[in-house]
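Data file: entry.txt. Format and content: compact mmCIF, C-alpha atoms.
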```txt
# COMPACT_ATOMS: atom_id res chain seq x y z
CA MET A 1 -91.43 6.01 2.03
CA ALA A 2 -87.94 4.78 2.74
CA GLY A 3 -88.00 5.86 6.35
CA CYS A 4 -90.75 3.37 7.16
CA SER A 5 -88.98 0.26 5.87
CA ALA A 6 -88.43 -2.43 8.46
CA THR A 7 -85.23 -4.00 7.05
CA ARG A 8 -82.01 -3.18 8.76
CA PRO A 9 -80.03 -0.87 6.48
CA ASP A 10 -77.02 -2.45 4.79
CA ALA A 11 -75.00 0.56 5.79
CA LEU A 12 -75.35 -0.40 9.42
CA ASP A 13 -74.14 -3.97 8.87
CA GLU A 14 -71.30 -2.77 6.67
CA ALA A 15 -70.29 -0.29 9.34
CA ARG A 16 -70.34 -3.02 11.98
CA GLU A 17 -68.19 -5.35 9.83
CA ASN A 18 -65.78 -2.52 9.12
CA LEU A 19 -65.54 -1.76 12.84
CA GLU A 20 -65.02 -5.43 13.78
CA ARG A 21 -62.25 -5.79 11.19
CA ALA A 22 -60.60 -2.65 12.49
CA GLN A 23 -60.78 -3.76 16.10
CA GLN A 24 -59.26 -7.13 15.24
CA ASP A 25 -56.28 -5.46 13.59
CA PRO A 26 -53.62 -5.35 16.34
CA ILE A 27 -51.76 -2.41 14.78
CA LEU A 28 -54.95 -0.37 14.56
CA ALA A 29 -55.88 -1.33 18.09
CA LYS A 30 -52.51 -0.05 19.29
CA ASN A 31 -51.95 3.05 17.16
CA GLY A 32 -55.51 4.22 16.43
CA GLU A 33 -57.08 3.77 19.88
CA VAL A 34 -58.65 7.20 20.19
CA ALA A 35 -60.02 7.28 16.64
CA LEU A 36 -61.44 3.75 17.05
CA TYR A 37 -63.11 4.79 20.27
CA GLU A 38 -64.77 7.64 18.39
CA ALA A 39 -65.81 5.21 15.65
CA ARG A 40 -67.37 2.91 18.25
CA GLN A 41 -69.29 5.89 19.64
CA SER A 42 -70.64 6.75 16.21
CA TYR A 43 -71.60 3.14 15.61
CA ALA A 44 -73.45 2.94 18.95
CA ARG A 45 -75.43 6.04 18.00
CA ALA A 46 -76.18 4.45 14.62
CA GLU A 47 -77.45 1.29 16.28
CA HIS A 48 -79.54 3.41 18.63
CA ALA A 49 -80.94 5.44 15.73
CA TRP A 50 -82.12 2.20 14.17
CA ASP A 51 -83.27 0.27 17.19
CA LYS A 52 -85.16 3.13 18.82
CA ASP A 53 -86.10 5.43 16.01
CA ARG A 54 -85.82 3.40 12.80
CA ASP A 55 -84.32 6.64 11.41
CA GLU A 56 -82.75 5.36 8.22
CA ARG A 57 -81.27 8.68 7.19
CA GLU A 58 -79.68 9.17 10.57
CA VAL A 59 -78.46 5.58 10.54
CA GLU A 60 -76.82 6.09 7.13
CA HIS A 61 -75.29 9.36 8.32
CA LEU A 62 -73.92 7.80 11.50
CA ALA A 63 -72.68 4.78 9.53
CA TYR A 64 -70.81 7.22 7.26
CA LEU A 65 -69.27 8.92 10.28
CA THR A 66 -68.28 5.50 11.67
CA ASN A 67 -66.53 4.52 8.46
CA GLN A 68 -64.74 7.87 8.18
CA LYS A 69 -63.52 7.59 11.75
CA ILE A 70 -62.25 4.09 11.06
CA GLU A 71 -60.39 5.55 8.08
CA ILE A 72 -58.92 8.22 10.33
CA ALA A 73 -57.79 5.46 12.71
CA ARG A 74 -56.10 3.65 9.80
CA GLU A 75 -54.36 6.83 8.67
CA MET A 76 -53.14 7.54 12.18
CA ALA A 77 -51.84 3.99 12.51
CA LYS A 78 -49.99 4.28 9.20
CA GLN A 79 -48.56 7.62 10.23
CA LYS A 80 -47.32 6.30 13.58
CA ALA A 81 -45.78 3.31 11.83
CA ALA A 82 -44.00 5.62 9.38
CA GLU A 83 -42.73 7.80 12.26
CA ALA A 84 -41.40 4.74 14.10
CA GLU A 85 -39.75 3.61 10.87
CA THR A 86 -38.19 7.08 10.44
CA GLN A 87 -36.75 6.91 13.95
CA ARG A 88 -35.32 3.47 13.24
CA LEU A 89 -33.88 4.76 9.95
CA ALA A 90 -32.37 7.78 11.69
CA ALA A 91 -30.49 5.43 13.99
CA GLU A 92 -29.40 3.35 11.00
CA ARG A 93 -28.24 6.44 9.16
CA GLU A 94 -26.23 7.45 12.17
CA ARG A 95 -24.65 4.01 12.14
CA VAL A 96 -23.86 4.26 8.42
CA VAL A 97 -22.32 7.72 8.86
CA VAL A 98 -20.19 6.55 11.79
CA GLU A 99 -19.15 3.45 9.86
CA ALA A 100 -18.25 5.51 6.80
CA ARG A 101 -16.22 7.93 8.89
CA THR A 102 -14.46 5.06 10.62
CA ARG A 103 -13.64 3.49 7.28
CA GLU A 104 -12.37 6.81 5.95
CA ALA A 105 -10.18 7.30 8.99
CA GLU A 106 -8.96 3.72 8.67
CA ALA A 107 -8.18 4.17 4.98
CA ALA A 108 -6.38 7.45 5.68
CA ARG A 109 -4.40 5.78 8.44
CA ARG A 110 -3.48 2.87 6.18
CA LEU A 111 -2.48 5.29 3.44
CA ALA A 112 -0.29 7.27 5.82
CA GLU A 113 1.16 4.04 7.13
CA SER A 114 1.94 2.68 3.68
CA ARG A 115 3.44 6.03 2.69
CA GLY A 116 5.53 5.88 5.84
CA ARG A 117 6.59 2.35 4.97
CA GLU A 118 7.39 3.43 1.43
CA ALA A 119 9.51 6.26 2.77
CA ASP A 120 11.30 3.87 5.12
CA ALA A 121 11.87 1.37 2.34
CA ALA A 122 13.20 4.10 0.06
CA ARG A 123 15.50 5.29 2.82
CA ASP A 124 16.77 1.76 3.52
CA GLU A 125 17.33 1.18 -0.16
CA ALA A 126 19.26 4.42 -0.50
CA ALA A 127 21.40 3.47 2.51
CA ALA A 128 22.00 -0.01 1.09
CA ARG A 129 23.00 1.45 -2.26
CA ALA A 130 25.31 3.89 -0.54
CA ARG A 131 26.91 0.99 1.33
CA GLU A 132 27.22 -1.00 -1.88
CA ALA A 133 28.75 1.99 -3.61
CA GLU A 134 31.19 2.41 -0.72
CA ILE A 135 32.14 -1.29 -0.79
CA ALA A 136 32.58 -1.14 -4.55
CA ARG A 137 34.69 1.94 -4.20
CA GLN A 138 36.87 0.31 -1.55
CA GLN A 139 37.18 -2.84 -3.64
CA SER A 140 38.20 -0.92 -6.71
CA GLU A 141 40.66 1.03 -4.57
CA ARG A 142 42.17 -2.16 -3.26
CA ARG A 143 42.27 -3.62 -6.74
CA ALA A 144 43.99 -0.50 -7.96
CA GLU A 145 46.47 -0.81 -5.11
CA VAL A 146 47.11 -4.46 -5.89
CA ILE A 147 47.49 -3.68 -9.57
CA GLU A 148 49.85 -0.87 -8.72
CA GLN A 149 51.86 -3.16 -6.44
CA GLN A 150 51.97 -5.82 -9.11
CA ARG A 151 52.98 -3.25 -11.68
CA GLN A 152 55.64 -1.93 -9.38
CA ARG A 153 56.94 -5.40 -8.68
CA ALA A 154 56.90 -6.26 -12.36
CA GLN A 155 58.67 -3.02 -13.05
CA ASP A 156 61.25 -3.77 -10.38
CA VAL A 157 61.74 -7.27 -11.70
CA ALA A 158 61.93 -5.97 -15.24
CA ALA A 159 64.40 -3.33 -14.17
CA GLN A 160 66.37 -5.89 -12.27
CA ASN A 161 66.34 -8.22 -15.23
CA LYS A 162 67.43 -5.43 -17.51
CA ARG A 163 70.25 -4.52 -15.20
CA LEU A 164 71.23 -8.13 -15.03
CA GLU A 165 71.13 -8.47 -18.79
CA GLU A 166 73.15 -5.32 -19.19
CA GLN A 167 75.64 -6.50 -16.67
CA LEU A 168 75.88 -9.88 -18.29
CA ALA A 169 76.15 -8.24 -21.70
CA ASP A 170 78.93 -6.10 -20.31
CA LEU A 171 80.58 -9.19 -19.01
CA LYS A 172 80.17 -10.92 -22.34
CA ALA A 173 78.88 -13.91 -20.49
CA ARG A 174 78.03 -17.07 -22.31
CA GLU A 175 75.33 -19.41 -21.21
CA THR A 176 76.41 -22.95 -20.51
CA GLU A 177 74.93 -25.76 -18.53
CA ARG A 178 77.17 -24.83 -15.62
CA GLY A 179 75.95 -21.28 -15.59
CA LEU A 180 77.14 -18.10 -17.21
CA GLU A 181 80.68 -18.28 -18.31
CA VAL A 182 82.91 -15.29 -18.52
CA THR A 183 86.23 -15.91 -20.12
CA LEU A 184 89.13 -13.70 -19.23
CA SER A 185 92.15 -14.04 -21.37
CA SER A 186 95.54 -14.75 -19.93
CA VAL A 187 96.64 -11.20 -20.58
CA LEU A 188 95.51 -10.70 -17.01
CA PHE A 189 98.74 -12.35 -15.97
CA ASP A 190 102.30 -11.89 -16.89
CA PHE A 191 103.98 -14.86 -18.48
CA ASP A 192 104.40 -17.71 -16.10
CA LYS A 193 103.30 -15.53 -13.20
CA ALA A 194 100.34 -15.76 -10.90
CA SER A 195 100.00 -12.10 -10.01
CA LEU A 196 97.43 -9.97 -11.70
CA LYS A 197 98.45 -7.21 -13.97
CA PRO A 198 97.14 -3.76 -13.21
CA GLY A 199 94.95 -3.81 -16.31
CA ALA A 200 93.15 -6.84 -14.91
CA GLU A 201 91.01 -4.53 -12.81
CA ARG A 202 89.23 -3.27 -15.90
CA SER A 203 88.09 -6.79 -16.73
CA LEU A 204 87.24 -7.81 -13.18
CA ALA A 205 85.49 -4.68 -11.96
CA PRO A 206 82.23 -5.43 -13.76
CA LEU A 207 82.16 -8.84 -12.09
CA VAL A 208 82.58 -7.29 -8.67
CA GLU A 209 79.70 -4.92 -9.44
CA PHE A 210 77.66 -7.86 -10.59
CA LEU A 211 78.32 -9.84 -7.44
CA LYS A 212 77.55 -6.90 -5.24
CA SER A 213 74.29 -6.31 -7.10
CA ASN A 214 73.28 -9.92 -6.98
CA PRO A 215 74.21 -11.18 -3.54
CA ASP A 216 72.52 -14.48 -4.22
CA ARG A 217 75.12 -15.46 -6.82
CA ARG A 218 78.31 -17.42 -6.40
CA ILE A 219 81.17 -17.72 -8.83
CA THR A 220 83.71 -20.37 -9.57
CA ILE A 221 87.03 -19.19 -10.88
CA GLU A 222 88.79 -21.73 -13.12
CA GLY A 223 92.33 -21.36 -14.23
CA HIS A 224 93.36 -23.06 -17.51
CA THR A 225 96.70 -23.42 -19.22
CA ASP A 226 98.00 -24.61 -22.53
CA SER A 227 99.79 -27.94 -22.81
CA VAL A 228 103.30 -26.52 -22.64
CA GLY A 229 105.04 -27.85 -19.56
CA THR A 230 104.12 -30.59 -17.16
CA ASP A 231 100.58 -31.26 -16.11
CA ALA A 232 101.47 -30.90 -12.49
CA TYR A 233 103.24 -27.58 -13.06
CA ASN A 234 100.36 -26.31 -15.16
CA ARG A 235 97.83 -27.35 -12.56
CA GLN A 236 99.72 -25.58 -9.88
CA LEU A 237 100.10 -22.45 -11.98
CA SER A 238 96.49 -22.47 -12.94
CA GLN A 239 95.47 -22.88 -9.29
CA GLN A 240 97.68 -20.04 -8.24
CA ARG A 241 96.18 -17.81 -10.88
CA ALA A 242 92.65 -18.78 -9.86
CA ASP A 243 93.55 -18.02 -6.24
CA ALA A 244 94.95 -14.66 -7.25
CA VAL A 245 91.70 -13.73 -8.91
CA ARG A 246 89.80 -14.94 -5.88
CA ASP A 247 91.95 -12.87 -3.54
CA TRP A 248 91.32 -9.86 -5.70
CA PHE A 249 87.55 -10.38 -5.37
CA VAL A 250 87.82 -10.82 -1.63
CA GLN A 251 89.95 -7.68 -1.38
CA HIS A 252 87.26 -5.85 -3.20
CA GLY A 253 84.56 -6.77 -0.73
CA ILE A 254 83.17 -10.04 -1.92
CA ASN A 255 82.64 -12.70 0.70
CA ALA A 256 85.17 -15.54 0.29
CA GLU A 257 82.43 -18.13 0.56
CA ARG A 258 80.96 -16.91 -2.65
CA VAL A 259 84.11 -17.35 -4.61
CA ALA A 260 85.58 -20.73 -5.39
CA ALA A 261 88.92 -21.08 -7.16
CA ARG A 262 90.08 -24.14 -9.05
CA GLY A 263 93.13 -24.88 -11.09
CA MET A 264 92.22 -26.99 -14.08
CA GLY A 265 95.59 -27.23 -15.77
CA PRO A 266 95.69 -28.02 -19.44
CA GLU A 267 92.89 -30.54 -19.33
CA TYR A 268 90.16 -28.41 -20.86
CA PRO A 269 91.55 -26.74 -23.89
CA VAL A 270 89.30 -24.61 -26.02
CA ALA A 271 91.60 -24.54 -29.01
CA SER A 272 94.37 -26.58 -30.52
CA ASN A 273 97.68 -26.44 -28.67
CA ASP A 274 99.59 -26.86 -31.95
CA ASN A 275 99.68 -23.17 -32.78
CA ILE A 276 100.44 -19.95 -30.97
CA ALA A 277 96.97 -18.58 -31.26
CA GLY A 278 95.46 -21.80 -29.97
CA ARG A 279 97.82 -22.00 -27.00
CA GLN A 280 97.06 -18.37 -26.20
CA ALA A 281 93.40 -19.09 -26.22
CA ASN A 282 93.84 -22.04 -23.89
CA ARG A 283 95.74 -19.93 -21.42
CA ARG A 284 92.70 -18.41 -19.81
CA VAL A 285 90.67 -17.85 -16.65
CA GLN A 286 87.06 -18.78 -16.77
CA ILE A 287 84.62 -17.43 -14.28
CA ILE A 288 81.37 -19.28 -13.99
CA ILE A 289 78.49 -17.32 -12.52
CA GLN A 290 76.26 -19.87 -10.98
CA SER A 291 72.50 -19.57 -11.28
CA PRO A 292 70.70 -18.76 -8.07
CA GLU A 293 69.68 -22.43 -7.66
CA GLN A 294 73.18 -23.67 -8.12
CA SER A 295 74.46 -20.96 -5.80
CA ALA A 296 71.94 -22.05 -3.16
CA ALA A 297 72.85 -25.74 -3.63
CA ASN A 298 76.55 -24.96 -3.36
CA SER A 299 76.15 -22.80 -0.30
CA ARG A 300 74.41 -25.69 1.40
CA GLY A 301 77.23 -28.01 0.41
CA MET B 1 -88.97 8.20 22.58
CA THR B 2 -92.14 7.54 20.66
CA LEU B 3 -92.62 11.27 20.51
CA THR B 4 -89.32 11.64 18.85
CA LYS B 5 -90.14 8.83 16.51
CA SER B 6 -93.41 10.40 15.45
CA GLY B 7 -91.72 13.79 15.39
CA LEU B 8 -89.16 12.40 12.95
CA ALA B 9 -91.85 10.74 10.91
CA LEU B 10 -93.64 13.99 10.71
CA CYS B 11 -90.41 15.69 9.57
CA LEU B 12 -90.32 13.46 6.55
CA VAL B 13 -93.69 14.68 5.34
CA PRO B 14 -93.16 17.60 3.00
CA GLY B 15 -94.73 20.77 4.22
CA LEU B 16 -94.47 19.87 7.84
CA LEU B 17 -90.89 21.05 8.06
CA ALA B 18 -91.91 23.74 10.51
CA ALA B 19 -92.91 21.04 12.99
CA CYS B 20 -89.28 19.87 13.00
CA SER B 21 -88.25 22.80 15.10
CA THR B 22 -87.66 20.17 17.82
CA ALA B 23 -84.30 19.97 16.08
CA HIS B 24 -82.15 22.81 17.35
CA ALA B 25 -80.09 24.94 15.02
CA PRO B 26 -76.83 23.01 15.02
CA ARG B 27 -74.65 26.02 15.78
CA GLU B 28 -72.16 23.94 17.80
CA GLN B 29 -71.73 21.39 15.05
CA LEU B 30 -71.41 24.07 12.41
CA GLY B 31 -68.82 25.91 14.48
CA ALA B 32 -66.85 22.67 14.90
CA ALA B 33 -67.03 22.06 11.16
CA GLU B 34 -65.78 25.58 10.41
CA THR B 35 -62.84 25.02 12.73
CA ALA B 36 -62.05 21.59 11.37
CA VAL B 37 -62.11 22.72 7.73
CA ARG B 38 -60.04 25.82 8.47
CA GLN B 39 -57.50 23.69 10.33
CA ALA B 40 -57.33 21.22 7.49
CA GLN B 41 -56.83 24.00 4.95
CA ALA B 42 -53.97 25.39 7.02
CA SER B 43 -52.30 21.98 7.19
CA GLN B 44 -50.60 19.94 4.49
CA ALA B 45 -54.03 18.63 3.41
CA PRO B 46 -54.27 20.91 0.36
CA GLN B 47 -51.04 19.28 -0.92
CA TYR B 48 -51.53 15.67 0.14
CA ALA B 49 -55.35 15.19 0.33
CA PRO B 50 -56.95 17.81 -1.90
CA ALA B 51 -59.98 15.69 -2.88
CA GLU B 52 -60.94 14.90 0.69
CA LEU B 53 -60.44 18.54 1.67
CA ARG B 54 -62.60 19.68 -1.25
CA MET B 55 -65.35 17.34 -0.15
CA ALA B 56 -65.20 18.71 3.42
CA ALA B 57 -65.36 22.29 2.19
CA ASP B 58 -68.29 21.52 -0.07
CA LYS B 59 -70.22 19.88 2.74
CA LEU B 60 -69.51 22.82 5.03
CA GLU B 61 -70.88 25.17 2.37
CA ALA B 62 -73.96 22.95 2.01
CA ALA B 63 -74.37 22.96 5.79
CA ARG B 64 -74.36 26.74 5.88
CA ARG B 65 -76.96 26.80 3.11
CA ALA B 66 -79.10 24.30 4.97
CA MET B 67 -78.82 26.48 8.11
CA ARG B 68 -80.05 29.50 6.18
CA GLU B 69 -82.93 27.41 4.91
CA GLU B 70 -83.57 26.19 8.49
CA LYS B 71 -83.14 22.58 7.43
CA TYR B 72 -81.52 21.88 10.75
CA HIS B 73 -81.25 18.10 10.63
CA GLU B 74 -79.65 18.34 7.21
CA ALA B 75 -77.41 21.13 8.38
CA ARG B 76 -76.31 19.13 11.43
CA ARG B 77 -75.54 16.05 9.38
CA LEU B 78 -73.63 18.00 6.77
CA ALA B 79 -71.70 19.83 9.45
CA GLU B 80 -70.83 16.58 11.23
CA GLN B 81 -69.71 15.00 7.98
CA ALA B 82 -67.69 18.05 6.99
CA THR B 83 -65.89 17.76 10.35
CA VAL B 84 -64.88 14.10 9.92
CA ASP B 85 -64.04 14.67 6.26
CA ALA B 86 -61.73 17.53 7.23
CA GLN B 87 -60.19 15.44 9.99
CA LEU B 88 -59.66 12.58 7.59
CA ALA B 89 -58.06 14.93 5.07
CA GLU B 90 -55.67 16.13 7.77
CA ALA B 91 -54.89 12.59 8.92
CA LYS B 92 -54.16 11.54 5.34
CA ALA B 93 -51.92 14.54 4.88
CA ARG B 94 -49.96 13.77 8.06
CA ASP B 95 -49.60 10.15 7.04
CA ALA B 96 -48.44 11.06 3.53
CA GLN B 97 -45.91 13.45 5.02
CA SER B 98 -44.46 10.90 7.41
CA GLN B 99 -44.27 8.35 4.58
CA GLN B 100 -42.35 10.96 2.57
CA THR B 101 -39.97 11.58 5.47
CA ALA B 102 -39.32 7.85 5.82
CA ARG B 103 -38.72 7.55 2.06
CA GLU B 104 -36.27 10.45 2.09
CA MET B 105 -34.45 8.95 5.04
CA ARG B 106 -34.12 5.62 3.21
CA ALA B 107 -32.83 7.37 0.08
CA ASN B 108 -30.35 9.33 2.18
CA ILE B 109 -29.01 6.15 3.78
CA GLU B 110 -28.69 4.57 0.34
CA THR B 111 -26.71 7.57 -0.92
CA LEU B 112 -24.42 7.52 2.11
CA ARG B 113 -23.84 3.79 1.67
CA ARG B 114 -22.95 4.18 -2.01
CA GLU B 115 -20.60 7.07 -1.22
CA ALA B 116 -18.86 5.12 1.52
CA GLU B 117 -18.48 2.17 -0.84
CA ARG B 118 -17.04 4.40 -3.55
CA ASN B 119 -14.53 5.89 -1.16
CA SER B 120 -13.39 2.54 0.18
CA ILE B 121 -12.84 1.20 -3.35
CA THR B 122 -10.70 4.10 -4.52
CA ARG B 123 -8.61 3.81 -1.39
```
Produce C-alpha cells that represent the structure in this file.
Amino acid sequence: MAGCSATRPDALDEARENLERAQQDPILAKNGEVALYEARQSYARAEHAWDKDRDEREVEHLAYLTNQKIEIAREMAKQKAAEAETQRLAAERERVVVEARTREAEAARRLAESRGREADAARDEAAARAREAEIARQQSERRAEVIEQQRQRAQDVAAQNKRLEEQLADLKARETERGLEVTLSSVLFDFDKASLKPGAERSLAPLVEFLKSNPDRRITIEGHTDSVGTDAYNRQLSQQRADAVRDWFVQHGINAERVAARGMGPEYPVASNDNIAGRQANRRVQIIIQSPEQSAANSRG
Amino acid sequence: MTLTKSGLALCLVPGLLAACSTAHAPREQLGAAETAVRQAQASQAPQYAPAELRMAADKLEAARRAMREEKYHEARRLAEQATVDAQLAEAKARDAQSQQTAREMRANIETLRREAERNSITR
C-alpha cells in the first residue's frame, strides 16, 4: 500500500528544488512574484500533507501544482521581458524612422542645393561665353576696321603712286642719281633770247601740276647751251633762261623756295657740238625733280 | 488530525469509499476549473499552447466524471490541476504572443534600416 510508505516522496524534494531554483533567479523573483507566491503556498500545503498526513497522493498532487505554478511564473517573467524588449524596440524604431527622415530631408536638400549650384554654374558659364563672344566680336570689328584702314591707306598710296607715275610718264622724266630729270628742248626760247615762247606753257604746265600735287618736292632748273660763243656769255644766257623758267613757275603759284635756277653754260653737253643736231640737243633746259629726301635736305640748307 | 489521517487511510481501502464523505463535493474547485478552462479557450491558448489547453480540458472532463461518481478527492485534485493547466496554457500563449510582437518589431526595424540605407546610397 503506497500510502503507508514512510519515505519522503521524490516529488516533494523535486518540487522544493524547483522552487529554490526559481526563487534564486532574480528575473523570476522580480517578474513572477505573484505566481511564485502561489507556488510557495502549494509547496507549503504539500509539506503539510506529508508531515501531518503522510498523504502521498495529495503530496504528489500538490507537488504537481507547485511545479505548474513555477512554470506559470517563468512564462510570466518571459512575457514581461518580451514586453519590455518591445517597448525598447519601439523607441529604437522611432529613432530609426526619425533618422531616416532626417537623412531623406538632408539628401533632398543637398540635391536641391547641387541643382541650384548647377543652375548657377550654367548661368555663369553662359554669361562668360556671352562676354567672350562679345569681346571676340569687338576684336574682329576692330581688326576689320584696321584692315579697312590699311587697305584704304594702301589704296591711297597706290593711287598716289599711280598718279605720280602717270605724271612722271607725262613729263617723260628720266631717273638719274640727282633725281628725276625732265629735259625741255631749247625750242622753249627764241634764238639767243631768254624769254619763253608761248608754246612753252604746254611743256611746263604738267610740271606745275606735279609740283602742286606733290608739295614735298623741289626742282632745280638748269640751263645749258652749246659751245658756240664765249663761256661767259653762254653761262649768262643759260642763267637767264633758267631764271625765266623759274619766274614762270613762281607766276603760276609755286613757291620760289622750291625752285632753284642755275645757268650751266656749255659745260655739260649731251651731244657733240660738231653738228647742228648735236648743238641743238645741247641747247636745253633740264629740270631735276628732287626726291623727297633731297628736297628735305635742300630745304634745310 | 489523527482523525483525518485515519479517515484518509480508510479512504484508500476499496469499498469504504462511502466513508470518505468527509471530503466535500468540490463544487468551488470545479467551478474555478470551468472558468479557467473557458478563459483559456477564449484566449490565444488554442493557437499558441494547444497541448497544454487540451490537457486542461481533459482533466476538467475527468473531474466532472469523478464528481458524478462521487469520487470527491479525485474530482477536487483533477479540478485543481485543470485550473493550473489552463492558467499555464494562457500564460504560455501570452508569452508566445509577446515574443512574436518583439520579433515583428525587430524585423520592422531591420526593414526600415535597409530602406534608409538604400535611399541614402541612390542619393
Using only C-alpha atoms and a cut-off of 10 Å, which residues of chain A sit close to chain B? Please list them as number ranges by chain.
A: 1-4, 49, 52-55, 57-58, 61-62, 64-90, 92-97, 99-101, 103-104, 106-108, 110-111
Can you write out the residues you just picked, keeping C-alpha atoms, as an mmCIF file, in the frame of the given file?
```cif
data_model
loop_
_atom_site.group_PDB
_atom_site.id
_atom_site.type_symbol
_atom_site.label_atom_id
_atom_site.label_comp_id
_atom_site.auth_asym_id
_atom_site.auth_seq_id
_atom_site.Cartn_x
_atom_site.Cartn_y
_atom_site.Cartn_z
ATOM 1 C CA MET A 1 -91.430 6.010 2.030
ATOM 2 C CA ALA A 2 -87.940 4.780 2.740
ATOM 3 C CA GLY A 3 -88.000 5.860 6.350
ATOM 4 C CA CYS A 4 -90.750 3.370 7.160
ATOM 5 C CA ALA A 49 -80.940 5.440 15.730
ATOM 6 C CA LYS A 52 -85.160 3.130 18.820
ATOM 7 C CA ASP A 53 -86.100 5.430 16.010
ATOM 8 C CA ARG A 54 -85.820 3.400 12.800
ATOM 9 C CA ASP A 55 -84.320 6.640 11.410
ATOM 10 C CA ARG A 57 -81.270 8.680 7.190
ATOM 11 C CA GLU A 58 -79.680 9.170 10.570
ATOM 12 C CA HIS A 61 -75.290 9.360 8.320
ATOM 13 C CA LEU A 62 -73.920 7.800 11.500
ATOM 14 C CA TYR A 64 -70.810 7.220 7.260
ATOM 15 C CA LEU A 65 -69.270 8.920 10.280
ATOM 16 C CA THR A 66 -68.280 5.500 11.670
ATOM 17 C CA ASN A 67 -66.530 4.520 8.460
ATOM 18 C CA GLN A 68 -64.740 7.870 8.180
ATOM 19 C CA LYS A 69 -63.520 7.590 11.750
ATOM 20 C CA ILE A 70 -62.250 4.090 11.060
ATOM 21 C CA GLU A 71 -60.390 5.550 8.080
ATOM 22 C CA ILE A 72 -58.920 8.220 10.330
ATOM 23 C CA ALA A 73 -57.790 5.460 12.710
ATOM 24 C CA ARG A 74 -56.100 3.650 9.800
ATOM 25 C CA GLU A 75 -54.360 6.830 8.670
ATOM 26 C CA MET A 76 -53.140 7.540 12.180
ATOM 27 C CA ALA A 77 -51.840 3.990 12.510
ATOM 28 C CA LYS A 78 -49.990 4.280 9.200
ATOM 29 C CA GLN A 79 -48.560 7.620 10.230
ATOM 30 C CA LYS A 80 -47.320 6.300 13.580
ATOM 31 C CA ALA A 81 -45.780 3.310 11.830
ATOM 32 C CA ALA A 82 -44.000 5.620 9.380
ATOM 33 C CA GLU A 83 -42.730 7.800 12.260
ATOM 34 C CA ALA A 84 -41.400 4.740 14.100
ATOM 35 C CA GLU A 85 -39.750 3.610 10.870
ATOM 36 C CA THR A 86 -38.190 7.080 10.440
ATOM 37 C CA GLN A 87 -36.750 6.910 13.950
ATOM 38 C CA ARG A 88 -35.320 3.470 13.240
ATOM 39 C CA LEU A 89 -33.880 4.760 9.950
ATOM 40 C CA ALA A 90 -32.370 7.780 11.690
ATOM 41 C CA GLU A 92 -29.400 3.350 11.000
ATOM 42 C CA ARG A 93 -28.240 6.440 9.160
ATOM 43 C CA GLU A 94 -26.230 7.450 12.170
ATOM 44 C CA ARG A 95 -24.650 4.010 12.140
ATOM 45 C CA VAL A 96 -23.860 4.260 8.420
ATOM 46 C CA VAL A 97 -22.320 7.720 8.860
ATOM 47 C CA GLU A 99 -19.150 3.450 9.860
ATOM 48 C CA ALA A 100 -18.250 5.510 6.800
ATOM 49 C CA ARG A 101 -16.220 7.930 8.890
ATOM 50 C CA ARG A 103 -13.640 3.490 7.280
ATOM 51 C CA GLU A 104 -12.370 6.810 5.950
ATOM 52 C CA GLU A 106 -8.960 3.720 8.670
ATOM 53 C CA ALA A 107 -8.180 4.170 4.980
ATOM 54 C CA ALA A 108 -6.380 7.450 5.680
ATOM 55 C CA ARG A 110 -3.480 2.870 6.180
ATOM 56 C CA LEU A 111 -2.480 5.290 3.440
#
```
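Counting from atom CA of Asp216 of chain A, the distance to atom CA of Pro292 of chain A is 6.0 Å.
Using all atoms listed in the file, the smallest distance between any of B:Leu60, B:Ala49, B:Ala107, B:Val37 and Ala86 of chain B comes from B:Val37.
Note that atom CA of Gln294 of chain A and atom CA of Ala260 of chain A are 13.0 Å apart.
Relative to atom CA of Ile287 of chain A, atom CA of Thr220 of chain A is found at 5.6 Å.
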Scan for residues within 10 Å of the point (-73.5, 24.5, 4.7) in the coordinates of the file, using only C-alpha atoms, and reply as a ChimeraX atom specification.
/B:30,33-34,57-69,74-79,82
Considering all atoms listed in the file, return as an MDAnalysis selection string whatever protein or nucleic-acid residues lie within 10 Å of segment 268-282 of chain A, sequence-local ones (same chain, fewer than 3 positions apart) excluded.
chainID A and resid 183:187 223:228 264:265 285
Skipping near chain neighbours, those fewer than 4 positions away, what residues fall within 12 Å of Ala296 of chain A using all atoms listed in the file, listed as a count of residues only?
12
Would you compute the box with edges along x, y and z of the file around segment 85-97 of chain B, including every atom the file lists for it and 6 Å extra on each side, and give its centre and edge lengths in Å to one decimal, as lines of an AutoDock Vina configuration file?
```
center_x = -55.0
center_y = 13.8
center_z = 6.8
size_x = 30.1
size_y = 19.4
size_z = 18.5
```
